[in-house]
>>> print(open('run-v5.cif').read())   # mmCIF, C-alpha atoms
data_target
#
loop_
_atom_site.label_atom_id
_atom_site.label_comp_id
_atom_site.auth_asym_id
_atom_site.auth_seq_id
_atom_site.Cartn_x
_atom_site.Cartn_y
_atom_site.Cartn_z
CA ARG A 1 2.79 83.45 -133.16
CA LYS A 2 4.14 79.99 -133.97
CA GLU A 3 6.19 79.58 -137.13
CA VAL A 4 4.12 76.63 -138.28
CA GLU A 5 0.58 75.85 -137.13
CA GLN A 6 -1.42 72.72 -137.77
CA ASP A 7 -4.83 71.41 -136.85
CA PRO A 8 -3.91 68.62 -134.42
CA GLY A 9 -6.93 66.51 -135.39
CA PRO A 10 -7.43 63.67 -134.90
CA PHE A 11 -8.93 62.91 -138.25
CA ASN A 12 -10.67 59.55 -138.00
CA VAL A 13 -11.55 58.20 -141.41
CA PRO A 14 -12.66 54.84 -142.83
CA GLU A 15 -10.47 52.91 -145.21
CA GLY A 16 -10.83 54.17 -148.74
CA ALA A 17 -11.82 57.68 -147.71
CA THR A 18 -10.09 60.89 -148.69
CA VAL A 19 -8.67 63.07 -145.96
CA ALA A 20 -7.11 66.50 -146.29
CA PHE A 21 -5.59 68.96 -143.87
CA ASN A 22 -3.61 72.15 -143.92
CA CYS A 23 -0.89 73.96 -142.13
CA THR A 24 -0.07 77.65 -142.08
CA TYR A 25 3.32 79.29 -141.76
CA SER A 26 4.19 82.75 -140.54
CA ASN A 27 7.42 83.62 -142.34
CA SER A 28 6.57 84.83 -145.82
CA ALA A 29 10.22 84.49 -146.83
CA SER A 30 10.10 80.70 -146.41
CA GLN A 31 11.19 78.95 -149.56
CA SER A 32 11.04 75.24 -148.87
CA PHE A 33 8.18 73.13 -147.61
CA PHE A 34 7.79 69.49 -146.75
CA TRP A 35 5.55 66.92 -145.17
CA TYR A 36 7.05 64.45 -142.73
CA ARG A 37 5.32 61.43 -141.29
CA GLN A 38 5.79 60.15 -137.77
CA ASP A 39 4.45 56.84 -136.55
CA CYS A 40 3.73 56.39 -132.87
CA ARG A 41 6.96 56.49 -130.84
CA LYS A 42 9.08 56.38 -133.98
CA GLU A 43 11.23 58.92 -135.73
CA PRO A 44 9.91 61.47 -138.23
CA LYS A 45 10.53 60.55 -141.86
CA LEU A 46 10.30 62.67 -144.96
CA LEU A 47 7.06 61.95 -146.81
CA MET A 48 7.29 64.43 -149.65
CA SER A 49 8.41 67.86 -150.70
CA VAL A 50 5.86 70.52 -151.55
CA TYR A 51 6.39 72.40 -154.78
CA SER A 52 4.83 75.67 -155.85
CA SER A 53 2.89 74.03 -158.64
CA GLY A 54 1.61 71.25 -156.40
CA ASN A 55 2.76 67.68 -156.64
CA GLU A 56 1.58 64.12 -156.27
CA ASP A 57 3.23 61.02 -154.98
CA GLY A 58 0.91 58.09 -155.46
CA ARG A 59 -2.13 58.66 -153.27
CA PHE A 60 -0.65 61.77 -151.69
CA THR A 61 -1.08 65.28 -153.09
CA ALA A 62 0.61 68.34 -151.66
CA GLN A 63 -0.29 71.93 -152.46
CA LEU A 64 1.30 75.25 -151.60
CA ASN A 65 -0.51 78.55 -151.45
CA ARG A 66 2.08 81.28 -151.01
CA ALA A 67 -0.41 84.14 -151.02
CA SER A 68 -2.26 82.71 -148.03
CA GLN A 69 0.82 81.03 -146.58
CA TYR A 70 -0.57 77.57 -146.22
CA ILE A 71 0.33 74.07 -147.31
CA SER A 72 -2.05 71.19 -147.70
CA LEU A 73 -1.82 67.42 -147.84
CA LEU A 74 -4.50 65.21 -149.30
CA ILE A 75 -4.55 61.46 -148.96
CA ARG A 76 -6.77 59.52 -151.35
CA ASP A 77 -8.02 55.98 -150.87
CA SER A 78 -6.79 55.86 -147.27
CA LYS A 79 -5.11 52.70 -146.05
CA LEU A 80 -4.81 51.46 -142.49
CA SER A 81 -1.07 52.00 -142.84
CA ASP A 82 -1.62 55.73 -143.40
CA SER A 83 -2.45 56.09 -139.70
CA ALA A 84 0.25 58.39 -138.37
CA THR A 85 1.01 61.96 -137.39
CA TYR A 86 1.78 64.20 -140.33
CA LEU A 87 4.23 66.99 -139.63
CA CYS A 88 4.29 70.15 -141.70
CA VAL A 89 7.84 71.40 -142.13
CA VAL A 90 8.96 74.79 -143.34
CA ILE A 91 12.46 76.08 -143.87
CA PRO A 92 12.42 79.83 -143.18
CA ASP A 93 16.21 80.04 -142.96
CA TYR A 94 18.43 77.00 -143.33
CA LYS A 95 16.95 74.79 -140.62
CA LEU A 96 13.67 72.95 -140.35
CA SER A 97 10.70 74.38 -138.44
CA PHE A 98 8.08 71.80 -137.52
CA GLY A 99 4.39 72.03 -136.89
CA ALA A 100 3.03 70.08 -133.95
CA GLY A 101 1.48 67.55 -136.31
CA THR A 102 -1.92 66.36 -137.51
CA THR A 103 -2.98 62.91 -136.36
CA VAL A 104 -4.77 60.71 -138.85
CA THR A 105 -6.37 57.43 -137.87
CA VAL A 106 -7.71 55.18 -140.60
CA ARG A 107 -10.17 52.56 -139.39
CA ALA A 108 -11.21 49.33 -141.04
CA GLU B 1 23.46 50.90 -144.02
CA ALA B 2 22.92 51.85 -140.38
CA GLY B 3 20.66 54.78 -139.71
CA VAL B 4 20.97 57.38 -137.00
CA THR B 5 21.22 55.67 -133.65
CA GLN B 6 20.56 57.19 -130.26
CA PHE B 7 21.24 56.00 -126.78
CA PRO B 8 19.59 55.59 -124.35
CA SER B 9 16.13 55.13 -125.76
CA HIS B 10 14.62 56.09 -122.43
CA SER B 11 16.10 57.66 -119.33
CA VAL B 12 14.36 58.38 -116.05
CA ILE B 13 16.24 60.62 -113.64
CA GLU B 14 15.51 62.82 -110.67
CA LYS B 15 15.60 66.57 -110.74
CA GLY B 16 19.14 67.79 -110.20
CA GLN B 17 20.80 64.74 -111.72
CA THR B 18 22.83 64.64 -114.89
CA VAL B 19 22.05 62.79 -118.08
CA THR B 20 24.10 62.37 -121.22
CA LEU B 21 22.46 61.43 -124.49
CA ARG B 22 24.43 60.04 -127.37
CA CYS B 23 23.84 60.18 -131.10
CA ASP B 24 25.66 58.31 -133.86
CA PRO B 25 24.79 59.88 -137.21
CA ILE B 26 24.81 58.13 -140.53
CA SER B 27 28.39 57.56 -141.58
CA GLY B 28 29.66 60.35 -143.78
CA HIS B 29 27.02 62.87 -142.72
CA ASP B 30 28.77 66.09 -141.78
CA ASN B 31 25.60 67.79 -140.54
CA LEU B 32 24.23 66.72 -137.20
CA TYR B 33 21.23 68.27 -135.50
CA TRP B 34 19.61 67.98 -132.11
CA TYR B 35 15.91 68.59 -131.78
CA ARG B 36 13.55 68.24 -128.84
CA ARG B 37 9.86 67.53 -128.53
CA VAL B 38 8.14 68.42 -125.30
CA MET B 39 4.79 66.66 -124.81
CA GLY B 40 2.05 68.12 -126.94
CA LYS B 41 4.32 70.63 -128.59
CA GLU B 42 6.16 70.79 -131.87
CA ILE B 43 9.65 69.44 -132.50
CA LYS B 44 12.02 72.30 -131.82
CA PHE B 45 15.55 72.90 -133.03
CA LEU B 46 18.30 72.87 -130.43
CA LEU B 47 21.56 73.04 -132.34
CA HIS B 48 23.46 72.13 -135.47
CA PHE B 49 26.96 70.79 -135.97
CA VAL B 50 28.92 70.79 -139.16
CA LYS B 51 31.57 68.19 -138.52
CA GLU B 52 32.91 69.08 -135.07
CA SER B 53 31.94 72.75 -135.19
CA LYS B 54 28.80 74.24 -133.74
CA GLN B 55 27.12 76.00 -136.62
CA ASP B 56 24.09 77.21 -134.73
CA GLU B 57 23.17 76.68 -131.10
CA SER B 58 20.43 79.29 -130.96
CA GLY B 59 17.86 76.72 -129.86
CA MET B 60 19.67 75.57 -126.73
CA PRO B 61 17.38 76.46 -123.81
CA ASN B 62 20.05 77.51 -121.31
CA ASN B 63 23.53 76.76 -120.05
CA ARG B 64 22.41 73.54 -118.39
CA PHE B 65 22.63 71.98 -121.84
CA LEU B 66 25.99 71.14 -123.38
CA ALA B 67 26.47 69.48 -126.75
CA GLU B 68 29.70 68.16 -128.14
CA ARG B 69 30.80 66.40 -131.25
CA THR B 70 34.37 65.37 -130.79
CA GLY B 71 36.14 64.41 -133.98
CA GLY B 72 33.08 65.16 -136.03
CA THR B 73 31.58 61.72 -135.53
CA TYR B 74 29.15 60.96 -132.73
CA SER B 75 27.63 63.67 -130.59
CA THR B 76 26.60 63.92 -126.96
CA LEU B 77 24.06 66.16 -125.32
CA LYS B 78 24.45 66.60 -121.58
CA VAL B 79 21.84 68.07 -119.31
CA GLN B 80 23.21 69.15 -115.95
CA PRO B 81 21.43 69.63 -113.62
CA ALA B 82 18.19 68.33 -115.08
CA GLU B 83 14.93 70.16 -114.33
CA LEU B 84 11.35 68.93 -114.65
CA GLU B 85 10.75 70.98 -117.81
CA ASP B 86 13.59 69.16 -119.57
CA SER B 87 11.39 66.09 -119.95
CA GLY B 88 10.67 65.24 -123.54
CA VAL B 89 11.99 63.34 -126.51
CA TYR B 90 15.38 64.38 -127.80
CA PHE B 91 15.87 63.63 -131.46
CA CYS B 92 19.14 63.56 -133.29
CA ALA B 93 19.20 63.91 -137.05
CA SER B 94 21.85 64.01 -139.72
CA SER B 95 22.23 64.99 -143.33
CA GLN B 96 25.01 64.86 -145.86
CA GLY B 97 24.43 68.21 -147.48
CA GLN B 98 22.52 71.36 -146.69
CA VAL B 99 19.07 70.44 -145.49
CA SER B 100 17.65 73.60 -147.03
CA ASN B 101 18.14 72.02 -150.45
CA THR B 102 16.55 68.63 -149.94
CA GLY B 103 14.57 69.08 -146.75
CA GLU B 104 15.55 65.59 -145.80
CA LEU B 105 16.90 64.94 -142.37
CA PHE B 106 17.44 61.39 -141.21
CA PHE B 107 16.24 61.10 -137.65
CA GLY B 108 17.06 58.69 -134.91
CA GLU B 109 14.24 57.18 -132.90
CA GLY B 110 14.86 59.63 -130.11
CA SER B 111 15.88 59.50 -126.48
CA ARG B 112 12.93 59.91 -124.16
CA LEU B 113 13.93 61.80 -121.02
CA THR B 114 11.73 61.82 -117.95
CA VAL B 115 12.77 64.05 -115.07
CA LEU B 116 10.98 63.33 -111.79
#
>>> encode(input="run-v5.cif", output="structure tokens")
Amino acid sequence: RKEVEQDPGPFNVPEGATVAFNCTYSNSASQSFFWYRQDCRKEPKLLMSVYSSGNEDGRFTAQLNRASQYISLLIRDSKLSDSATYLCVVIPDYKLSFGAGTTVTVRA
Amino acid sequence: EAGVTQFPSHSVIEKGQTVTLRCDPISGHDNLYWYRRVMGKEIKFLLHFVKESKQDESGMPNNRFLAERTGGTYSTLKVQPAELEDSGVYFCASSQGQVSNTGELFFGEGSRLTVL
């Protein structure tokens, strides 16, 4: 079983829509969780951390469900610039474990 | 401030040849990581340096891969001899402190390796 699993998508949404997707992780001892964003043929960049109580950063909301071992990301009022691959990242030990990514395409 | 830089951005070689990838981390970052993404798969850890020392090389696929970080500055990753399954994007990343605290690694744009 993979350490981190994501729905690859793609999620094709119109501008202004809300899009949400999850990832699941296998190691129940994992303590730290993050979302990274990767644009086509570019490097991954940290988008936001995911806290136990859930957290927002502008139009982005991240949630953690430890009991079910999943993390979610919700994007409100989608912009064209949100088109990217979103990587779920879990730290089960001291190094990052990546999901394969969820592709989001926002169309005009 | 310069980010993580990698060279070459793209390399095309034949099976059996040797390739050396280079990574210059952000100045002052003691932690340097190599990751690899094979097409369609997730980014996978290869190894981790703290300064010039290998902290963890558990992700290195086999002994055809050799990573070095002389003087604790830039790092090289050599593949010798290259096989078809080595094709992918090799990412280098660096961090100042323990990544487990902040979760933030600064990645280079990657070196795309194609083995024919």
>>> resolve_selection(input="run-v5.cif", expression="the PyMOL selection byres ((chain A) within 8 of (chain B))", output="list in words")
Ser32, Phe33, Phe34, Arg41, Lys42, Glu43, Pro44, Lys45, Leu46, Ser49, Ile91, Asp93, Tyr94, Lys95, Leu96, Ser97, Phe98, Gly99, Ala100 and Gly101 of chain A
>>> resolve_selection(input="run-v5.cif", expression="the PyMOL selection byres ((chain A and resi 4-13) around 10)", output="JSON, numbers by chain")
{"A": [1, 2, 3, 14, 15, 16, 17, 18, 19, 20, 21, 22, 23, 24, 25, 26, 27, 69, 70, 71, 78, 79, 80, 83, 84, 85, 86, 87, 88, 89, 90, 97, 98, 99, 100, 101, 102, 103, 104, 105, 106, 107, 108], "B": [40, 42]}
>>> residues_around(input="run-v5.cif", residues="Pro8 in chain B", least_positions_apart="2", cutoff="10 Å", atoms="only C-alpha atoms", output="ChimeraX atom specification")
/B:5-6,10-11,19-23,110-113
>>> atom_distance(input="run-v5.cif", atom1="CA of Trp35 in chain A", atom2="CA of Asp30 in chain B")
23.5 Å
>>> closest_residue(input="run-v5.cif", among="B:Gln80, B:Leu32, B:Ser75, B:Ser95", to="Asn63 in chain B", atoms="only C-alpha atoms")
B:Gln80
>>> atom_distance(input="run-v5.cif", atom1="CA of Val50 in chain B", atom2="CA of Thr73 in chain B")
10.1 Å
>>> closest_residue(input="run-v5.cif", among="B:Thr114, B:Trp34, B:Asp86, B:Gln17", to="Ser58 in chain B", atoms="all atoms listed in the file")
B:Trp34
>>> atom_distance(input="run-v5.cif", atom1="CA of His29 in chain B", atom2="CA of Ser87 in chain B")
27.8 Å
>>> resolve_selection(input="run-v5.cif", expression="the PyMOL selection byres ((chain A and resi 57) around 12)", output="MDAnalysis selection string")
chainID A and resid 35 47:51 54:56 58:63 73:76
>>> build_atoms(input="run-v5.cif", residues="range 75-92 of chain B", atoms="N, CA and C atoms", output="PDB file, in the coordinates of the input")
ATOM      1  N   SER B  75      27.868  62.478-131.389  1.00  0.00           N
ATOM      2  CA  SER B  75      27.630  63.670-130.590  1.00  0.00           C
ATOM      3  C   SER B  75      27.000  63.271-129.261  1.00  0.00           C
ATOM      4  N   THR B  76      27.258  64.093-128.258  1.00  0.00           N
ATOM      5  CA  THR B  76      26.600  63.920-126.960  1.00  0.00           C
ATOM      6  C   THR B  76      25.882  65.200-126.588  1.00  0.00           C
ATOM      7  N   LEU B  77      24.806  65.035-125.859  1.00  0.00           N
ATOM      8  CA  LEU B  77      24.060  66.160-125.320  1.00  0.00           C
ATOM      9  C   LEU B  77      23.889  65.900-123.829  1.00  0.00           C
ATOM     10  N   LYS B  78      24.500  66.773-123.029  1.00  0.00           N
ATOM     11  CA  LYS B  78      24.450  66.600-121.580  1.00  0.00           C
ATOM     12  C   LYS B  78      23.519  67.624-120.982  1.00  0.00           C
ATOM     13  N   VAL B  79      22.719  67.178-120.047  1.00  0.00           N
ATOM     14  CA  VAL B  79      21.840  68.070-119.310  1.00  0.00           C
ATOM     15  C   VAL B  79      22.252  67.992-117.840  1.00  0.00           C
ATOM     16  N   GLN B  80      22.673  69.136-117.303  1.00  0.00           N
ATOM     17  CA  GLN B  80      23.210  69.150-115.950  1.00  0.00           C
ATOM     18  C   GLN B  80      23.028  70.523-115.298  1.00  0.00           C
ATOM     19  N   PRO B  81      22.302  70.629-114.209  1.00  0.00           N
ATOM     20  CA  PRO B  81      21.430  69.630-113.620  1.00  0.00           C
ATOM     21  C   PRO B  81      20.073  69.612-114.310  1.00  0.00           C
ATOM     22  N   ALA B  82      19.472  68.455-114.392  1.00  0.00           N
ATOM     23  CA  ALA B  82      18.190  68.330-115.080  1.00  0.00           C
ATOM     24  C   ALA B  82      17.055  68.955-114.250  1.00  0.00           C
ATOM     25  N   GLU B  83      16.120  69.578-114.953  1.00  0.00           N
ATOM     26  CA  GLU B  83      14.930  70.160-114.330  1.00  0.00           C
ATOM     27  C   GLU B  83      13.694  69.449-114.907  1.00  0.00           C
ATOM     28  N   LEU B  84      12.572  69.613-114.243  1.00  0.00           N
ATOM     29  CA  LEU B  84      11.350  68.930-114.650  1.00  0.00           C
ATOM     30  C   LEU B  84      10.974  69.270-116.105  1.00  0.00           C
ATOM     31  N   GLU B  85      11.170  70.547-116.470  1.00  0.00           N
ATOM     32  CA  GLU B  85      10.750  70.980-117.810  1.00  0.00           C
ATOM     33  C   GLU B  85      11.646  70.457-118.931  1.00  0.00           C
ATOM     34  N   ASP B  86      12.718  69.754-118.550  1.00  0.00           N
ATOM     35  CA  ASP B  86      13.590  69.160-119.570  1.00  0.00           C
ATOM     36  C   ASP B  86      13.022  67.849-120.111  1.00  0.00           C
ATOM     37  N   SER B  87      11.990  67.349-119.485  1.00  0.00           N
ATOM     38  CA  SER B  87      11.390  66.090-119.950  1.00  0.00           C
ATOM     39  C   SER B  87      10.878  66.244-121.372  1.00  0.00           C
ATOM     40  N   GLY B  88      11.100  65.215-122.156  1.00  0.00           N
ATOM     41  CA  GLY B  88      10.670  65.240-123.540  1.00  0.00           C
ATOM     42  C   GLY B  88      11.419  64.198-124.338  1.00  0.00           C
ATOM     43  N   VAL B  89      11.251  64.245-125.631  1.00  0.00           N
ATOM     44  CA  VAL B  89      11.990  63.340-126.510  1.00  0.00           C
ATOM     45  C   VAL B  89      13.033  64.148-127.254  1.00  0.00           C
ATOM     46  N   TYR B  90      14.265  63.705-127.153  1.00  0.00           N
ATOM     47  CA  TYR B  90      15.380  64.380-127.800  1.00  0.00           C
ATOM     48  C   TYR B  90      15.743  63.602-129.063  1.00  0.00           C
ATOM     49  N   PHE B  91      15.579  64.260-130.185  1.00  0.00           N
ATOM     50  CA  PHE B  91      15.870  63.630-131.460  1.00  0.00           C
ATOM     51  C   PHE B  91      17.206  64.146-131.991  1.00  0.00           C
ATOM     52  N   CYS B  92      17.943  63.214-132.545  1.00  0.00           N
ATOM     53  CA  CYS B  92      19.140  63.560-133.290  1.00  0.00           C
ATOM     54  C   CYS B  92      18.848  63.293-134.764  1.00  0.00           C
TER      55      CYS B  92
END
